[in-house]
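Data file: data.txt. Format and content: compact mmCIF, C-alpha atoms and all ligand atoms.
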```txt
# COMPACT_ATOMS: atom_id res chain seq x y z
CA MET H 1 76.83 105.48 162.10
CA TYR H 2 74.41 104.00 159.65
CA ASN H 3 73.47 104.49 156.07
CA PRO H 4 75.08 107.09 153.92
CA ARG H 5 72.17 106.97 151.43
CA VAL H 6 71.92 110.65 151.74
CA SER H 7 69.33 111.44 149.07
CA HIS H 8 66.64 109.24 150.65
CA TYR H 9 66.74 111.12 153.95
CA ARG H 10 67.20 114.48 152.31
CA ALA H 11 64.03 114.01 150.28
CA LEU H 12 62.06 113.25 153.44
CA ARG H 13 63.49 116.28 155.25
CA ARG H 14 62.66 118.51 152.29
CA SER H 15 59.13 117.26 152.21
CA LEU H 16 58.68 117.89 155.95
CA ALA H 17 60.25 121.36 155.76
CA LYS H 18 57.93 122.27 152.89
CA ARG H 19 54.89 121.56 155.05
CA PHE H 20 56.06 124.19 157.51
CA SER H 21 57.38 126.67 155.00
CA GLY H 22 56.97 130.18 156.44
CA ARG H 23 55.48 128.80 159.66
CA GLY H 24 58.58 128.31 161.76
CA VAL H 25 61.66 126.24 162.32
CA VAL H 26 61.43 122.47 162.71
CA HIS H 27 63.39 121.28 165.71
CA LEU H 28 63.62 117.57 166.44
CA ARG H 29 65.56 116.04 169.28
CA GLY H 30 67.18 112.63 168.77
CA GLY H 31 67.09 109.87 171.37
CA ARG H 32 69.24 109.82 174.45
CA PRO H 33 70.78 106.74 176.10
CA VAL H 34 68.68 105.08 178.81
CA PRO H 35 70.54 103.96 181.95
CA ARG H 36 70.25 100.27 182.81
CA ASN H 37 72.12 100.41 186.09
CA PHE H 38 75.07 102.36 187.53
CA ASP H 39 77.09 103.37 184.47
CA VAL H 40 75.68 100.78 182.07
CA GLU H 41 73.19 101.84 179.42
CA TYR H 42 70.60 99.89 177.45
CA ALA H 43 71.65 99.27 173.87
CA PHE H 44 70.84 102.56 172.18
CA ARG H 45 68.09 102.65 169.58
CA GLN H 46 67.52 105.96 167.86
CA ASN H 47 64.19 107.78 168.15
CA SER H 48 62.06 106.67 165.18
CA ASP H 49 61.29 110.18 163.89
CA PHE H 50 64.95 111.10 164.03
CA LEU H 51 65.91 107.93 162.20
CA TYR H 52 63.21 108.63 159.62
CA LEU H 53 64.64 112.02 158.76
CA THR H 54 68.38 111.45 159.17
CA GLY H 55 69.46 107.79 159.38
CA VAL H 56 71.70 108.95 162.26
CA GLU H 57 72.08 106.12 164.76
CA GLU H 58 74.09 108.05 167.37
CA PRO H 59 72.48 109.37 170.58
CA GLY H 60 72.33 112.97 171.71
CA CYS H 61 71.83 114.73 168.35
CA HIS H 62 69.31 117.36 167.22
CA LEU H 63 68.00 118.36 163.81
CA VAL H 64 66.91 121.83 162.77
CA LEU H 65 65.18 122.52 159.46
CA ASP H 66 65.15 126.22 158.86
CA GLY H 67 63.40 126.67 155.53
CA ALA H 68 65.65 124.89 153.03
CA ARG H 69 68.62 124.87 155.46
CA GLU H 70 69.30 121.67 157.33
CA ILE H 71 71.48 121.67 160.42
CA LEU H 72 72.49 118.58 162.34
CA PHE H 73 73.66 119.19 165.91
CA VAL H 74 76.04 116.60 167.34
CA PRO H 75 77.46 116.25 170.84
CA ARG H 76 80.90 117.77 171.34
CA VAL H 77 83.12 114.91 172.50
CA ASP H 78 86.40 115.08 174.37
CA ALA H 79 89.47 112.85 174.46
CA HIS H 80 87.98 110.86 177.34
CA HIS H 81 84.98 109.98 175.19
CA ARG H 82 87.24 108.92 172.33
CA VAL H 83 89.27 106.72 174.68
CA TRP H 84 86.16 104.83 175.81
CA GLU H 85 83.86 105.04 172.82
CA GLY H 86 86.24 105.33 169.88
CA HIS H 87 86.18 107.49 166.80
CA VAL H 88 83.44 110.05 166.30
CA PRO H 89 83.12 111.71 162.87
CA SER H 90 84.23 115.31 162.72
CA PRO H 91 81.56 117.88 161.81
CA ALA H 92 82.94 117.94 158.26
CA GLN H 93 82.72 114.16 158.03
CA ALA H 94 79.21 114.12 159.52
CA LYS H 95 78.09 116.77 157.03
CA ARG H 96 79.16 114.55 154.13
CA LEU H 97 77.88 111.36 155.71
CA PHE H 98 74.37 112.68 156.34
CA GLY H 99 74.04 115.15 153.52
CA VAL H 100 72.99 118.11 155.67
CA ASP H 101 73.95 121.71 154.95
CA ARG H 102 75.70 122.25 158.22
CA VAL H 103 76.84 120.38 161.32
CA MET H 104 77.11 122.23 164.61
CA TYR H 105 77.58 121.20 168.22
CA VAL H 106 74.63 120.67 170.54
CA ASP H 107 76.00 123.36 172.88
CA GLU H 108 75.38 125.84 170.04
CA LEU H 109 71.72 124.89 169.62
CA LYS H 110 70.24 127.35 172.08
CA LYS H 111 71.89 130.26 170.35
CA ALA H 112 70.86 129.02 166.92
CA LEU H 113 67.20 128.84 167.97
CA ARG H 114 67.16 132.13 169.88
CA GLY H 115 64.37 134.40 168.67
CA ARG H 116 63.12 131.83 166.15
CA ARG H 117 59.57 130.60 166.06
CA VAL H 118 59.70 126.80 166.52
CA VAL H 119 56.95 124.58 165.09
CA PRO H 120 54.80 123.34 168.02
CA PRO H 121 55.51 119.69 168.93
CA ALA H 122 51.89 118.59 168.31
CA ALA H 123 51.94 119.97 164.75
CA LEU H 124 55.30 118.33 164.09
CA ARG H 125 54.04 115.03 165.53
CA ASP H 126 51.01 115.10 163.25
CA ALA H 127 53.03 115.94 160.14
CA LEU H 128 55.49 113.13 160.85
CA ASP H 129 52.65 110.68 161.48
CA GLU H 130 51.09 111.62 158.16
CA MET H 131 54.33 111.21 156.27
CA ARG H 132 55.53 108.05 157.98
CA ALA H 133 52.30 106.16 157.26
CA VAL H 134 52.95 106.03 153.52
CA LYS H 135 56.24 104.33 152.79
CA THR H 136 58.49 105.47 149.97
CA GLU H 137 60.17 102.94 147.70
CA GLY H 138 63.40 103.60 149.61
CA GLU H 139 61.73 102.66 152.88
CA LEU H 140 60.12 99.62 151.28
CA GLY H 141 63.55 98.49 150.13
CA LEU H 142 64.73 98.48 153.75
CA MET H 143 61.57 96.68 154.89
CA ARG H 144 61.94 94.05 152.17
CA ARG H 145 65.48 93.30 153.30
CA ALA H 146 64.54 93.23 157.01
CA ASN H 147 61.79 90.78 156.06
CA ALA H 148 64.07 88.59 153.93
CA VAL H 149 66.63 88.26 156.71
CA SER H 150 63.92 87.58 159.30
CA ALA H 151 62.31 85.03 156.99
CA ALA H 152 65.58 83.12 156.65
CA ALA H 153 65.96 83.23 160.44
CA HIS H 154 62.45 81.77 160.90
CA ALA H 155 63.24 78.98 158.44
CA GLU H 156 66.46 78.25 160.34
CA ALA H 157 64.54 78.03 163.62
CA MET H 158 62.02 75.64 162.03
CA ARG H 159 64.86 73.35 160.96
CA ALA H 160 66.63 73.57 164.32
CA ALA H 161 63.69 72.94 166.68
CA LYS H 162 63.77 69.52 168.35
CA PRO H 163 62.11 68.04 171.43
CA GLY H 164 64.35 68.46 174.48
CA MET H 165 65.61 71.94 173.52
CA ARG H 166 64.67 75.05 175.48
CA GLU H 167 62.76 77.97 174.01
CA TYR H 168 65.79 80.24 174.45
CA GLU H 169 67.88 77.97 172.25
CA LEU H 170 65.51 78.70 169.38
CA GLN H 171 65.59 82.36 170.31
CA ALA H 172 69.37 82.12 169.97
CA VAL H 173 69.03 80.51 166.54
CA PHE H 174 66.69 83.25 165.34
CA ASP H 175 68.53 86.19 166.84
CA ALA H 176 71.94 84.91 165.70
CA ALA H 177 70.74 84.45 162.13
CA CYS H 178 69.69 88.11 162.03
CA LEU H 179 72.91 89.30 163.62
CA LYS H 180 75.02 87.20 161.25
CA ALA H 181 73.27 88.92 158.36
CA GLY H 182 74.37 92.28 159.79
CA LEU H 183 71.03 93.31 161.30
CA LYS H 184 72.09 94.32 164.78
CA HIS H 185 68.69 95.24 166.19
CA LEU H 186 65.61 93.13 166.61
CA ALA H 187 62.34 95.01 166.15
CA TYR H 188 61.04 93.66 169.50
CA PRO H 189 62.02 90.89 171.92
CA SER H 190 61.53 87.53 170.19
CA ILE H 191 58.55 85.52 171.40
CA VAL H 192 59.38 81.81 171.42
CA ALA H 193 56.49 79.94 172.98
CA ALA H 194 56.19 76.16 173.21
CA GLY H 195 52.99 74.26 173.93
CA ALA H 196 50.55 76.08 176.22
CA ASN H 197 52.86 79.14 176.28
CA GLY H 198 51.68 79.84 172.73
CA ALA H 199 48.45 81.11 174.30
CA VAL H 200 50.31 83.96 176.04
CA LEU H 201 50.10 86.73 173.47
CA HIS H 202 53.25 88.61 174.42
CA TYR H 203 55.09 85.69 176.03
CA ARG H 204 58.58 86.74 177.10
CA LYS H 205 60.08 84.11 179.37
CA ASN H 206 61.39 81.88 176.59
CA ASP H 207 62.81 79.26 178.97
CA ALA H 208 60.48 76.25 178.78
CA LEU H 209 61.27 72.83 177.38
CA LEU H 210 60.12 71.86 173.86
CA LYS H 211 58.05 68.68 174.01
CA SER H 212 57.26 66.22 171.29
CA GLY H 213 53.67 66.60 170.11
CA ASP H 214 53.51 70.31 170.98
CA LEU H 215 53.55 73.36 168.75
CA LEU H 216 56.15 76.12 168.81
CA LEU H 217 55.03 79.68 168.12
CA ILE H 218 57.78 82.13 167.13
CA ASP H 219 56.90 85.81 166.72
CA ALA H 220 60.12 87.60 165.84
CA GLY H 221 61.61 90.08 163.41
CA ALA H 222 64.74 92.09 162.87
CA GLU H 223 64.99 95.72 161.84
CA LEU H 224 67.15 97.43 159.25
CA GLY H 225 67.78 101.14 159.39
CA GLY H 226 65.08 101.06 162.07
CA TYR H 227 62.46 99.44 159.80
CA ALA H 228 60.81 96.43 161.38
CA ALA H 229 59.81 92.99 160.25
CA ASP H 230 57.07 91.39 162.37
CA ILE H 231 56.57 87.74 161.49
CA THR H 232 54.91 84.83 163.28
CA ARG H 233 54.99 81.18 162.42
CA THR H 234 53.62 78.24 164.40
CA PHE H 235 54.95 74.76 163.69
CA PRO H 236 55.11 71.27 165.21
CA ILE H 237 58.17 70.69 167.39
CA ASP H 238 58.68 67.18 166.08
CA GLY H 239 57.97 68.21 162.51
CA LYS H 240 54.51 66.68 161.97
CA PHE H 241 51.20 68.36 162.80
CA THR H 242 48.75 66.22 164.75
CA ARG H 243 45.21 66.01 163.41
CA ARG H 244 43.95 68.50 165.98
CA GLN H 245 46.76 70.98 165.26
CA ARG H 246 46.23 70.66 161.54
CA ASP H 247 42.51 71.43 161.92
CA VAL H 248 43.04 74.60 163.94
CA TYR H 249 45.98 75.67 161.75
CA ALA H 250 43.85 75.39 158.63
CA VAL H 251 41.27 77.78 160.15
CA VAL H 252 43.88 80.44 160.98
CA LEU H 253 45.60 80.07 157.61
CA ALA H 254 42.32 80.43 155.72
CA ALA H 255 41.52 83.63 157.64
CA GLN H 256 44.96 85.06 156.98
CA LYS H 257 45.02 84.26 153.27
CA GLU H 258 41.53 85.64 152.72
CA CYS H 259 42.40 88.90 154.45
CA ILE H 260 45.61 89.30 152.44
CA ALA H 261 43.68 88.64 149.23
CA ARG H 262 41.09 91.29 150.20
CA ALA H 263 43.50 93.99 151.35
CA ARG H 264 43.05 96.91 148.94
CA PRO H 265 43.18 100.70 149.05
CA GLY H 266 39.91 102.13 150.37
CA LEU H 267 39.14 99.15 152.58
CA ILE H 268 38.75 99.89 156.26
CA SER H 269 41.06 97.78 158.40
CA ALA H 270 38.34 97.18 161.00
CA ASP H 271 36.10 95.61 158.34
CA LEU H 272 38.92 93.27 157.44
CA HIS H 273 39.31 92.38 161.10
CA VAL H 274 35.62 91.53 161.30
CA HIS H 275 36.00 89.39 158.20
CA SER H 276 38.81 87.43 159.88
CA MET H 277 36.58 86.95 162.94
CA ARG H 278 33.88 85.52 160.70
CA VAL H 279 36.23 83.06 159.01
CA ILE H 280 37.54 81.97 162.40
CA ALA H 281 34.03 81.69 163.86
CA GLU H 282 32.96 79.49 160.97
CA GLY H 283 36.08 77.36 161.28
CA LEU H 284 35.62 76.88 165.01
CA LYS H 285 31.98 75.98 164.40
CA SER H 286 33.06 73.26 162.01
CA LEU H 287 35.42 71.96 164.71
CA GLY H 288 32.59 71.87 167.25
CA LEU H 289 34.05 74.57 169.49
CA LEU H 290 31.46 77.23 168.69
CA ARG H 291 27.78 77.05 167.76
CA GLY H 292 25.15 79.50 166.57
CA SER H 293 25.00 82.16 163.88
CA THR H 294 28.27 83.61 162.67
CA ASP H 295 26.94 87.15 163.14
CA GLY H 296 25.96 86.34 166.71
CA LEU H 297 29.36 84.81 167.49
CA VAL H 298 31.18 87.85 166.11
CA GLU H 299 28.95 90.59 167.49
CA GLY H 300 28.29 88.83 170.80
CA GLY H 301 32.02 88.38 171.38
CA ALA H 302 32.21 84.58 171.68
CA VAL H 303 34.85 84.34 168.96
CA ARG H 304 37.01 86.77 170.93
CA LEU H 305 37.51 84.10 173.59
CA PHE H 306 39.67 82.32 171.00
CA TYR H 307 40.90 85.33 168.99
CA PRO H 308 41.31 88.20 171.44
CA HIS H 309 43.66 90.50 169.50
CA GLY H 310 43.73 92.64 166.39
CA LEU H 311 44.15 91.34 162.86
CA THR H 312 46.47 94.08 161.75
CA HIS H 313 48.54 97.09 162.67
CA MET H 314 50.74 99.50 160.80
CA LEU H 315 54.39 98.54 160.49
CA GLY H 316 57.40 100.73 159.89
CA LEU H 317 60.00 102.32 162.11
CA ASP H 318 57.88 101.27 165.06
CA VAL H 319 56.64 97.72 165.11
CA HIS H 320 53.22 99.15 166.00
CA ASP H 321 53.71 102.08 163.69
CA VAL H 322 52.03 105.46 163.45
CA VAL H 323 48.52 105.39 162.05
CA GLY H 324 48.81 108.41 159.81
CA GLY H 325 47.93 111.60 161.65
CA LYS H 326 44.71 113.32 162.71
CA ARG H 327 43.23 113.67 159.27
CA ARG H 328 43.16 109.90 158.90
CA VAL H 329 41.29 109.23 162.16
CA LEU H 330 38.05 107.37 161.49
CA PRO H 331 35.21 106.18 163.67
CA ASN H 332 34.96 102.41 164.02
CA PRO H 333 32.29 101.40 161.46
CA THR H 334 31.85 97.89 162.89
CA LYS H 335 29.77 96.56 165.75
CA VAL H 336 32.79 95.03 167.47
CA PRO H 337 35.50 96.79 169.47
CA VAL H 338 38.49 97.17 167.14
CA ARG H 339 41.44 99.37 168.07
CA PHE H 340 43.05 99.92 164.68
CA VAL H 341 40.72 101.69 162.28
CA ALA H 342 42.30 103.03 159.09
CA ARG H 343 41.30 103.35 155.48
CA LEU H 344 44.03 101.44 153.66
CA GLU H 345 46.14 103.44 151.21
CA PRO H 346 48.82 102.48 148.69
CA GLY H 347 52.16 102.52 150.48
CA PHE H 348 50.80 101.49 153.88
CA VAL H 349 52.60 98.48 155.32
CA VAL H 350 50.44 96.43 157.64
CA THR H 351 50.60 93.06 159.32
CA MET H 352 48.03 90.31 158.80
CA GLU H 353 48.03 88.17 161.91
CA PRO H 354 44.93 86.27 162.87
CA GLY H 355 45.23 83.63 165.57
CA VAL H 356 43.36 81.02 167.56
CA TYR H 357 44.33 80.41 171.18
CA PHE H 358 43.12 78.38 174.11
CA ILE H 359 43.68 80.81 176.95
CA GLU H 360 42.90 79.59 180.43
CA ALA H 361 42.31 83.11 181.77
CA LEU H 362 39.43 83.52 179.27
CA LEU H 363 38.07 79.99 178.97
CA LYS H 364 37.94 79.44 182.74
CA ASP H 365 36.52 82.85 183.57
CA PRO H 366 33.16 82.19 185.28
CA VAL H 367 31.56 85.38 183.97
CA LEU H 368 32.57 84.65 180.37
CA ARG H 369 31.51 81.02 180.73
CA ARG H 370 28.08 82.09 181.84
CA LYS H 371 27.78 84.75 179.16
CA HIS H 372 28.83 82.49 176.29
CA ARG H 373 27.53 79.11 177.44
CA GLY H 374 25.07 79.00 174.52
CA SER H 375 27.81 79.71 171.95
CA VAL H 376 30.95 77.97 173.22
CA ASN H 377 31.33 74.25 173.73
CA PHE H 378 33.31 74.71 176.95
CA ALA H 379 33.67 70.96 177.57
CA LYS H 380 35.49 70.67 174.25
CA ALA H 381 37.43 73.92 174.69
CA ASP H 382 38.67 72.69 178.09
CA SER H 383 40.20 69.66 176.38
CA PHE H 384 42.37 72.10 174.34
CA LEU H 385 43.87 73.91 177.33
CA ASP H 386 47.24 72.24 176.73
CA PHE H 387 47.20 73.28 173.06
CA GLY H 388 48.57 76.81 173.27
CA GLY H 389 47.79 78.88 170.20
CA ILE H 390 48.38 79.39 166.52
CA ARG H 391 49.19 82.74 164.97
CA ILE H 392 50.35 83.31 161.40
CA GLU H 393 51.68 86.79 160.69
CA ASP H 394 52.92 88.29 157.43
CA ASP H 395 53.78 91.87 156.50
CA ILE H 396 52.11 93.29 153.43
CA VAL H 397 52.34 96.46 151.35
CA ILE H 398 49.03 97.93 150.19
CA ARG H 399 49.27 98.48 146.46
CA ASP H 400 46.87 99.76 143.82
CA GLY H 401 46.47 96.16 142.69
CA PRO H 402 46.86 93.12 144.93
CA ALA H 403 48.90 93.64 148.10
CA GLU H 404 52.61 92.81 148.02
CA ASN H 405 53.51 90.21 150.62
CA LEU H 406 56.95 90.99 152.04
CA THR H 407 57.07 87.78 154.07
CA ARG H 408 58.26 84.59 152.48
CA VAL H 409 58.31 81.93 155.15
CA PRO H 410 56.59 78.56 154.61
CA LYS H 411 53.01 78.60 155.92
CA GLU H 412 51.07 75.93 154.02
CA ILE H 413 50.89 72.79 156.18
CA GLU H 414 53.01 70.61 153.87
CA ASP H 415 55.56 73.42 153.37
CA VAL H 416 55.89 73.95 157.12
CA GLU H 417 56.45 70.24 157.64
CA ALA H 418 59.03 70.21 154.85
CA ALA H 419 60.80 73.23 156.39
CA CYS H 420 60.89 71.50 159.78
CA ALA H 421 62.44 68.43 158.16
CA GLY H 422 65.16 70.70 156.73
N1 LIG H 501 55.09 91.20 167.60
C1 LIG H 501 54.04 92.01 168.09
C2 LIG H 501 52.86 91.96 167.23
O1 LIG H 501 52.71 91.02 166.48
O2 LIG H 501 52.08 92.85 167.18
MN MN H 502 52.22 92.24 164.70
MN MN H 503 54.27 89.83 165.78
```

When written as structure tokens, how does the structure in this file appear?
Amino acid sequence: MYNPRVSHYRALRRSLAKRFSGRGVVHLRGGRPVPRNFDVEYAFRQNSDFLYLTGVEEPGCHLVLDGAREILFVPRVDAHHRVWEGHVPSPAQAKRLFGVDRVMYVDELKKALRGRRVVPPAALRDALDEMRAVKTEGELGLMRRANAVSAAAHAEAMRAAKPGMREYELQAVFDAACLKAGLKHLAYPSIVAAGANGAVLHYRKNDALLKSGDLLLIDAGAELGGYAADITRTFPIDGKFTRRQRDVYAVVLAAQKECIARARPGLISADLHVHSMRVIAEGLKSLGLLRGSTDGLVEGGAVRLFYPHGLTHMLGLDVHDVVGGKRRVLPNPTKVPVRFVARLEPGFVVTMEPGVYFIEALLKDPVLRRKHRGSVNFAKADSFLDFGGIRIEDDIVIRDGPAENLTRVPKEIEDVEAACAG
């Protein structure tokens, strides 16, 4: 079981219970194991809300907040379970470990809730979304550490990458570095994409050969206490950027740094996304890949052929974290389709992850080619189809002043080359 920092979780439970004071009992069910096949289960990862309120990493538990009284329900285990799974804390031990008022068995839950008015799931969902969006200093401490370990793992992968290796060997370097630091869960399956695979946004195969002259894109992060790091770096496999790679990299880096510098409370994330599209459109114009007015390239969608994903998303217990509940829902104020629209607040943790990709499925699409033939230099873009893509992704905390960047992995061209050289 994880994390006896009882006061952190207790404060969050108190704050949730207060919202429903006099309105019913909060009942939250923890995660249950998911079967993989026959009697093998997937590695268990606790439900994010349950983790948020308890830090309990074991499956099959429930939490009840009845006014100021907190009851954790744990599965009753028999000798057979102990033979196969080992020691399970007694209720008295669990009570101390998790700082709740009482520990009962799950088979007693029904009776405990009988005749009680339970907070409706939608209201509970909304309250948790509101609370989880703004991170406490305790949560930020966990996120900082998850980021530091993931950053070191990225740097190790940069040093280790050599032509002739397979993508999964670098995945092994990254994943092992996190595990060796005691972070047993990754926040999502590591994306390790060499050459043209870098243009597959959620590439998963991770089995291709690393070739000299190509780029390697690694999007990977570990989690601590459930809190995710989500970091991407793109670097040259043989340690030196080519001219062409350097040019595209500089465009993505400029967009990312500008957006981090602008990120402030009150700003709407979609406006920041549009800003990143503008920087990328201008950069691609200077490289001769796009032509025309920047407004036209952004609003007409041509830039999306090269940058087809969001700039940012919330980060926390889920890698694509909750966006803060119903009261924070905003209409999209921009003229471009943007999925994540939030007014940034102090304590939000968000990613900043612009990218430029040469994606065959978009660049060779006859409808898109016709639509954007005035804006895109397709002859030139076609010559980049072996390039893959470049994404640079950091995790930042919105603060009253400048944002705090949690991610310290080399990203300036000379620093990346130095990191690759070890
Ligand atoms: N790693 C998934 C993402 O960057 O959103
Ligand atoms: Mn991300
Ligand atoms: Mn990512």

Which one is closest to Arg132 in chain H: H:Gly401, H:Val329, H:Leu53, H:Asp295? Count only C-alpha atoms.
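Smallest separation from Arg132 in chain H among the options: H:Leu53.
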
CA of Met131 in chain H and CA of Lys18 in chain H, how far apart in Å?
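Between CA of Lys18 in chain H and CA of Met131 in chain H the gap is 12.1 Å.
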
If I put a ball of radius 10 Å at (44.8, 93.1, 160.8) in the file's coordinates, which residues poke into it when counting all atoms listed in the file, written as a ChimeraX atom specification?
/H:256,259-260,263,269-276,309-314,338,340-341,350-354,393

Restricting the calculation to all atoms listed in the file, which member of H:Pro121, H:His80, H:Gln171, H:Leu201 is positioned closest to Pro189 in chain H?
H:Gln171

Starting from 4 Å padding per side, set up an axis-aligned box that covers all listed atoms of ligand LIG 501 (chain H) and hand over centre and edge lengths in Å, one decimal, as AutoDock Vina command-line options.
```
--center_x 53.6 --center_y 91.9 --center_z 167.3 --size_x 11.0 --size_y 9.8 --size_z 9.6
```

Surrounding residues of range 218-227 of chain H excluding itself and chain neighbours under 4 positions, 8 Å, all atoms listed in the file, as a compact mmCIF listing (two decimals) with C-alpha atoms, in the coordinates of the input:
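File around02.txt, as written:
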```txt
# COMPACT_ATOMS: atom_id res chain seq x y z
CA TYR H 2 74.41 104.00 159.65
CA ASN H 3 73.47 104.49 156.07
CA GLN H 46 67.52 105.96 167.86
CA SER H 48 62.06 106.67 165.18
CA LEU H 51 65.91 107.93 162.20
CA GLY H 55 69.46 107.79 159.38
CA GLU H 139 61.73 102.66 152.88
CA LEU H 142 64.73 98.48 153.75
CA MET H 143 61.57 96.68 154.89
CA ARG H 145 65.48 93.30 153.30
CA ALA H 146 64.54 93.23 157.01
CA ASN H 147 61.79 90.78 156.06
CA VAL H 149 66.63 88.26 156.71
CA SER H 150 63.92 87.58 159.30
CA HIS H 154 62.45 81.77 160.90
CA PHE H 174 66.69 83.25 165.34
CA CYS H 178 69.69 88.11 162.03
CA LEU H 183 71.03 93.31 161.30
CA LYS H 184 72.09 94.32 164.78
CA HIS H 185 68.69 95.24 166.19
CA LEU H 186 65.61 93.13 166.61
CA ALA H 187 62.34 95.01 166.15
CA TYR H 188 61.04 93.66 169.50
CA PRO H 189 62.02 90.89 171.92
CA SER H 190 61.53 87.53 170.19
CA ILE H 191 58.55 85.52 171.40
CA VAL H 192 59.38 81.81 171.42
CA ALA H 193 56.49 79.94 172.98
CA ILE H 231 56.57 87.74 161.49
CA THR H 232 54.91 84.83 163.28
CA ARG H 233 54.99 81.18 162.42
CA THR H 234 53.62 78.24 164.40
CA GLY H 316 57.40 100.73 159.89
CA LEU H 317 60.00 102.32 162.11
CA ASP H 318 57.88 101.27 165.06
```

Distance of CA of Val322 in chain H from CA of Arg32 in chain H, expressed in Å to one decimal place
20.9 Å

Taking 5 positions as the minimum chain separation for residues in the same chain, which residues sit within 8 Å of Phe306 in chain H when counting only C-alpha atoms? Answer as number ranges by chain.
H: 355-359

Just checking: using all atoms listed in the file, which residue out of H:Arg102, H:Arg159, H:Arg264, H:Lys411 ends up closest to Tyr249 in chain H?
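Looking at the shortest contact to Tyr249 in chain H, the residue is H:Lys411.
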
Write out as a PyMOL selection string which residues come within 12 Å of Arg13 in chain H when counting all atoms listed in the file, dropping same-chain ones fewer than 5 positions away.
chain H and resi 6-8+18-20+26-28+49-55+63-72+98-101+127-128+131-132

Restricting the output to C-alpha atoms, write the selected residues as a PDB file, keeping the file's coordinate frame.
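Produced file again-v6.pdb, reproduced below:
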```pdb
ATOM      1  CA  VAL H   6      71.920 110.650 151.740  1.00  0.00           C
ATOM      2  CA  SER H   7      69.330 111.440 149.070  1.00  0.00           C
ATOM      3  CA  HIS H   8      66.640 109.240 150.650  1.00  0.00           C
ATOM      4  CA  LYS H  18      57.930 122.270 152.890  1.00  0.00           C
ATOM      5  CA  ARG H  19      54.890 121.560 155.050  1.00  0.00           C
ATOM      6  CA  PHE H  20      56.060 124.190 157.510  1.00  0.00           C
ATOM      7  CA  VAL H  26      61.430 122.470 162.710  1.00  0.00           C
ATOM      8  CA  HIS H  27      63.390 121.280 165.710  1.00  0.00           C
ATOM      9  CA  LEU H  28      63.620 117.570 166.440  1.00  0.00           C
ATOM     10  CA  ASP H  49      61.290 110.180 163.890  1.00  0.00           C
ATOM     11  CA  PHE H  50      64.950 111.100 164.030  1.00  0.00           C
ATOM     12  CA  LEU H  51      65.910 107.930 162.200  1.00  0.00           C
ATOM     13  CA  TYR H  52      63.210 108.630 159.620  1.00  0.00           C
ATOM     14  CA  LEU H  53      64.640 112.020 158.760  1.00  0.00           C
ATOM     15  CA  THR H  54      68.380 111.450 159.170  1.00  0.00           C
ATOM     16  CA  GLY H  55      69.460 107.790 159.380  1.00  0.00           C
ATOM     17  CA  LEU H  63      68.000 118.360 163.810  1.00  0.00           C
ATOM     18  CA  VAL H  64      66.910 121.830 162.770  1.00  0.00           C
ATOM     19  CA  LEU H  65      65.180 122.520 159.460  1.00  0.00           C
ATOM     20  CA  ASP H  66      65.150 126.220 158.860  1.00  0.00           C
ATOM     21  CA  GLY H  67      63.400 126.670 155.530  1.00  0.00           C
ATOM     22  CA  ALA H  68      65.650 124.890 153.030  1.00  0.00           C
ATOM     23  CA  ARG H  69      68.620 124.870 155.460  1.00  0.00           C
ATOM     24  CA  GLU H  70      69.300 121.670 157.330  1.00  0.00           C
ATOM     25  CA  ILE H  71      71.480 121.670 160.420  1.00  0.00           C
ATOM     26  CA  LEU H  72      72.490 118.580 162.340  1.00  0.00           C
ATOM     27  CA  PHE H  98      74.370 112.680 156.340  1.00  0.00           C
ATOM     28  CA  GLY H  99      74.040 115.150 153.520  1.00  0.00           C
ATOM     29  CA  VAL H 100      72.990 118.110 155.670  1.00  0.00           C
ATOM     30  CA  ASP H 101      73.950 121.710 154.950  1.00  0.00           C
ATOM     31  CA  ALA H 127      53.030 115.940 160.140  1.00  0.00           C
ATOM     32  CA  LEU H 128      55.490 113.130 160.850  1.00  0.00           C
ATOM     33  CA  MET H 131      54.330 111.210 156.270  1.00  0.00           C
ATOM     34  CA  ARG H 132      55.530 108.050 157.980  1.00  0.00           C
TER      35      ARG H 132
END
```

Please report the interatomic distance between CA of Leu170 in chain H and CA of Ala157 in chain H in Å with one decimal.
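Between these atoms lies a distance of 5.9 Å.
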